[in-house]
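Structure first, then comments.
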2 protein chains.
Amino acid sequence: MGLVVQKYGGSSVADAEGIKRVAKRIVEAKKNGHQVVVVVSAMGDTTDELIDLAEQVSPMPAGREFDMLLTAGERISMALLAMAIKNLGHEAQSFTGSQAGVITDSVHNKARIIDVTPGRIRDSLDRGNIAIVAGFQGVSQDKKDITTLGRGGSDTTAVALAAALDAEVCEIYTDVDGVFTADPRVVKKAKKIDWIAFEDMLELAASGSKVLLHRCVEYARRYNIPIHVRSSFSGLQGTWVSSEPIEQGDKKVEQAIISGVAHDTSEAKITVVGVPDKPGEAAAIFRTIADAEINIDMVVQNVSAASTGLTDISFTLPKTEGRKAIDALEKNKGGIGFESLRYDDQIGKISLVGAGMKTNPGVTASFFEALSGASVNIELISTSEIRISVVTRADDVPEAVRAVHTAFGLDSDTDEAVVYGGTGR
Amino acid sequence: MGLVVQKYGGSSVADAEGIKRVAKRIVEAKKNGHQVVVVVSAMGDTTDELIDLAEQVSPMPAGREFDMLLTAGERISMALLAMAIKNLGHEAQSFTGSQAGVITDSVHNKARIIDVTPGRIRDSLDRGNIAIVAGFQGVSQDKKDITTLGRGGSDTTAVALAAALDAEVCEIYTDVDGVFTADPRVVKKAKKIDWIAFEDMLELAASGSKVLLHRCVEYARRYNIPIHVRSSFSGLQGTWVSSEPIEQGDKKVEQAIISGVAHDTSEAKITVVGVPDKPGEAAAIFRTIADAEINIDMVVQNVSAASTGLTDISFTLPKTEGRKAIDALEKNKGGIGFESLRYDDQIGKISLVGAGMKTNPGVTASFFEALSGASVNIELISTSEIRISVVTRADDVPEAVRAVHTAFGLDSDTDEAVVYGGTGR
């Protein structure tokens, strides 16, 4: 039996009871003969409480100190978890990100892991211990300052440690039973996916699926670490994310034509109206946006009206960046040259993801037919090799997701999806 | 202007308002031209809340993990304090005990500082920053594990850093205006002491005065670092603790004959009854106690009764160790040879401290007369060169302290003592 990395989110360790429950599960893995490394997030609302405190003392908390503050959260949960495991008669040691050798760049609040040197973890395992590691945090390579990895960072910590320690699997424990064919809160008949390829999971994550974050899946694919997403509450088999289909019993799980339907209502749309249809215009717009450090998602340019020689360019971006983008564009209006801006934050995006669509030409047509059947108007369209995304009114999203889910035969016979708790980070 | 180390206890940074108030005071010192290093404790009740959580997951939390847990408290307060200072337009950086170079032994929960290598602090100061350091914590020399220094540890951190950085003064900010001639909660007319010698402060601390802990004063004396104990609430001049009297205005503060009256009701008394009065008996008793790792305070042996050849030996020890001491002695009853044990936890200790008593032979007599005048019965007596201590009934302590305080002319003309908040660590 090899080495297993397990990651538990904040909702799984929200209180003393949760910590004791998780401790039992960890000890079980150890009893089954595995070497066990556990990555843990901060307890329940701890992070929000710390952010609240920071806002009370300073309206714009500085990056370095903000990271120092937030990392207290995992320090608490990891120490308590190690105590709970010892209380069950097994040896455990907790390690901060820095002690675990999680080396990052110096971009506070959203640092990137650049190396993992898990010498102390390896030592601790070799001495028979269970190693508990603080998720979400690391230490900067140049300045030796404490950093945090940003949203979903604990998952990335887990995958990075799994890669560095050459683990058999990285188990991500959460409050749902796995990755579903659609968000179970929207589609009651969503099905748990037994296996999904890295590529499809990356597209789902990029399209609004919240179970795993893009960066974490990217890391797992690069180092070919199988991820097993499962519930810390139910103990059921969850979803395997890997390069090759898994065996279940004596049958191999088949690659599905369509993996699932994702949706995202966190974006807004900006339309730049009356742009001269000449070379360099789009570049001027998106250089302005890039200089303001705003990430955009979809971009669509309509055919220009022959009579005016002007065209419209639309793009989507996180709602939280809307104000900043409008300000940047208005400030540069003369340089770019456009008539006006339209801002719309009542939009939603629906995406259909599946490696099978490459070789099934009818998929796009069926997707639009399903939306049309549900009377959903399409405002923007964007596609990749294994994904089709459309922008619609935000109000239409739930109905549109259900219609597409049914049209592609993804509905389960039963309402199987269960959400157990809140969400961790 | 030189370097100042300031230490703020948990009651001074109990909430966001407290942190902002302390930040202003720190910035003032910086504006006055000082280089400023700040040592900070955990906010208000944080430590108690963490201990409570630990007890919920494990009845006997392990030392290493317990330290990892507790150190989260200072991490929160120091990061918030740095943010609050930056918000006032000054540069600040926070450092964990480990980052600040506080090297300790490996005795978890009550580690001792064995070295301080403040290279990062010095760098930060040289770049014009205010350095904020987590009190109460360090890193073990051999295992690189996080350690805590035990009760009052933040004061020791402050003095140790002051010594390593060759500071002009170590300012200990607390919730009282300084060291008083007696506990102001017991003696309304207690006076603030302007200056006290290290030796007298050591005796007061050993005798139950809670303002500064023994270990911290010991450290300051060894490295000759003046301590200024003062309130973070009032801004008044507090008490200077140093080797030489300070100048105040154009007059030098005189060495007082009597520094103050301390009391302690945290001890219990054990009497070993019917001990054969022969060589080696006392040694057998106190070897048994020492092997149980119990620290004792006063020891008294009565003259043996000629008729029986048996004597009684009494000693005092922390109440919390009472059960353990009784068990150890009972277990070794045959080896030691005694008739019975008497345990009494309704005792109190009153101590009079002052370097002047060496050369004033009347002090002891006046002390006993004061107690007699207050009808207080004396059960045990113990003296050092600059201290007399007696054990009485616990109920008699407040009256006894007031009587002695008055008899030695220590009473103030006014009720000047103010206690501002709770107590930190």
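Every chain in the structure tokens takes a letter, A first, then B, and so on in the order presented; its residues are numbered from 1, and the ligands are numbered from 1 following the presented order.
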
Out of range 89-320 of chain B, which residues get alpha helix (DSSP H) from DSSP, as a ChimeraX atom specification? /B:119-126,153-164,198-206,214-223,281-291

List every residue of range 164-358 of chain A that DSSP, applied to the backbone, labels as strand (DSSP E), and write the result as a PyMOL selection string. chain A and resi 169-174+195-197+227-231+239-242+247-248+251-252+260-264+267-276+299-301+310-318+340-344+347-353

Can you check which residues of chain A have any atom within 8 Å of chain B? Use only C-alpha atoms and format it as a ChimeraX atom specification. /A:16-17,19-20,50,53-54,56-62,65-66,68-70,72-73,75-84,86-87,93-94

Selection to disk with C-alpha atoms, as a short mmCIF file (atom, residue, chain, number, x, y, z; two decimals), in the first residue's frame:
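Once everything was written out, this is again.cif:
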data_model
loop_
_atom_site.label_atom_id
_atom_site.label_comp_id
_atom_site.auth_asym_id
_atom_site.auth_seq_id
_atom_site.Cartn_x
_atom_site.Cartn_y
_atom_site.Cartn_z
CA ALA A 16 -14.68 19.73 17.47
CA GLU A 17 -17.13 17.00 16.38
CA ILE A 19 -12.44 17.23 13.66
CA LYS A 20 -13.00 14.00 15.61
CA LEU A 50 -10.23 36.97 10.46
CA LEU A 53 -11.16 41.68 12.02
CA ALA A 54 -8.70 42.92 9.40
CA GLN A 56 -12.00 46.66 11.32
CA VAL A 57 -8.40 47.78 11.78
CA SER A 58 -7.58 48.71 8.20
CA PRO A 59 -9.75 49.31 5.11
CA MET A 60 -7.00 48.06 2.79
CA PRO A 61 -5.01 45.38 4.64
CA ALA A 62 -1.50 44.92 3.27
CA GLU A 65 0.30 41.01 6.93
CA PHE A 66 -3.01 39.76 5.56
CA MET A 68 0.24 36.25 8.14
CA LEU A 69 -3.22 36.76 9.64
CA LEU A 70 -5.12 34.26 7.50
CA ALA A 72 -3.50 31.41 11.69
CA GLY A 73 -6.69 29.61 10.60
CA ARG A 75 -2.57 26.50 12.22
CA ILE A 76 -5.52 26.03 14.55
CA SER A 77 -7.26 23.29 12.56
CA MET A 78 -4.09 21.29 11.88
CA ALA A 79 -2.97 21.31 15.52
CA LEU A 80 -6.42 20.25 16.72
CA LEU A 81 -6.57 17.48 14.10
CA ALA A 82 -3.16 16.14 15.16
CA MET A 83 -4.33 16.13 18.80
CA ALA A 84 -7.54 14.30 17.88
CA LYS A 86 -3.14 11.15 18.91
CA ASN A 87 -6.17 10.78 21.13
CA GLN A 93 2.56 15.72 13.63
CA SER A 94 1.33 18.98 12.18
#

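Atom to atom, CA of Glu293 in chain A and CA of His214 in chain A stand 19.0 Å apart.
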
Which residues of range 306-328 of chain A come within 12 Å of range 388-393 of chain A, and what is each one's closest atom pair and distance in Å (one decimal), counting only C-alpha atoms, sorted by chain and residue number, as a tab-separated table?
residue	atom	partner	partner_atom	distance
A:Ser314	CA	A:Val391	CA	11.2
A:Phe315	CA	A:Val391	CA	10.5
A:Thr316	CA	A:Val391	CA	9.1
A:Leu317	CA	A:Val391	CA	12.0

Those selected residues, please, written with N, CA and C atoms and delivered as an mmCIF file, in the first residue's frame.
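Result written to result08.cif:
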data_model
loop_
_atom_site.group_PDB
_atom_site.id
_atom_site.type_symbol
_atom_site.label_atom_id
_atom_site.label_comp_id
_atom_site.auth_asym_id
_atom_site.auth_seq_id
_atom_site.Cartn_x
_atom_site.Cartn_y
_atom_site.Cartn_z
ATOM 1 N N SER A 314 -17.911 42.862 -27.564
ATOM 2 C CA SER A 314 -18.400 42.491 -26.234
ATOM 3 C C SER A 314 -17.417 41.541 -25.573
ATOM 4 N N PHE A 315 -17.310 41.649 -24.274
ATOM 5 C CA PHE A 315 -16.530 40.637 -23.546
ATOM 6 C C PHE A 315 -17.127 40.440 -22.157
ATOM 7 N N THR A 316 -16.817 39.287 -21.549
ATOM 8 C CA THR A 316 -17.300 39.008 -20.192
ATOM 9 C C THR A 316 -16.116 39.006 -19.229
ATOM 10 N N LEU A 317 -16.431 39.322 -17.976
ATOM 11 C CA LEU A 317 -15.384 39.399 -16.944
ATOM 12 C C LEU A 317 -16.047 39.233 -15.584
#

Any idea what's packed within 12 Å of Val217 in chain B, counting only C-alpha atoms, ignoring anything in its chain fewer than 6 positions away? Could you give it as a VMD selection string? chain B and resid 152 to 153 155 to 160 170 172 196 to 206 210 to 211 223 to 229 240 to 243

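Coordinates place CA of Arg402 in chain A at a distance of 19.2 Å from CA of Gly362 in chain A.
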
Pick from A:Ile257, A:Ala131, A:Ile113, A:Ala283: nearest to Arg215 in chain A, with only C-alpha atoms counted? A:Ile113

Compile the contact shell of range 374-384 of chain A as a PyMOL selection string: residues with an atom at most 10 Å away, counting only C-alpha atoms, same-chain residues fewer than 2 positions apart removed. chain A and resi 203+269+297-301+314-316+347-353+358+364+368-372+386-393+395-397+399-404

Residue contacts of His34 in chain A (10 Å, only C-alpha atoms) excluding same-chain residues fewer than 3 positions away, as a list in words: Met1, Gly2, Leu3, Val4, Val5, Ile26, Val27, Glu28, Ala29, Lys30, Lys31, Val37, Ile130 and Glu168 of chain A

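Of note, CA of His90 in chain A and CA of Gly33 in chain A are spaced 12.9 Å apart.
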
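Distances here use only C-alpha atoms; by that measure, the residue among B:Lys143, B:Gly322, B:Tyr173, B:Arg122 closest to Ser232 in chain B is B:Tyr173.
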
With distances taken over only C-alpha atoms, which of A:Thr174, A:Asn32, A:Asn295, A:Gln248 is nearest to Lys319 in chain A? A:Asn295
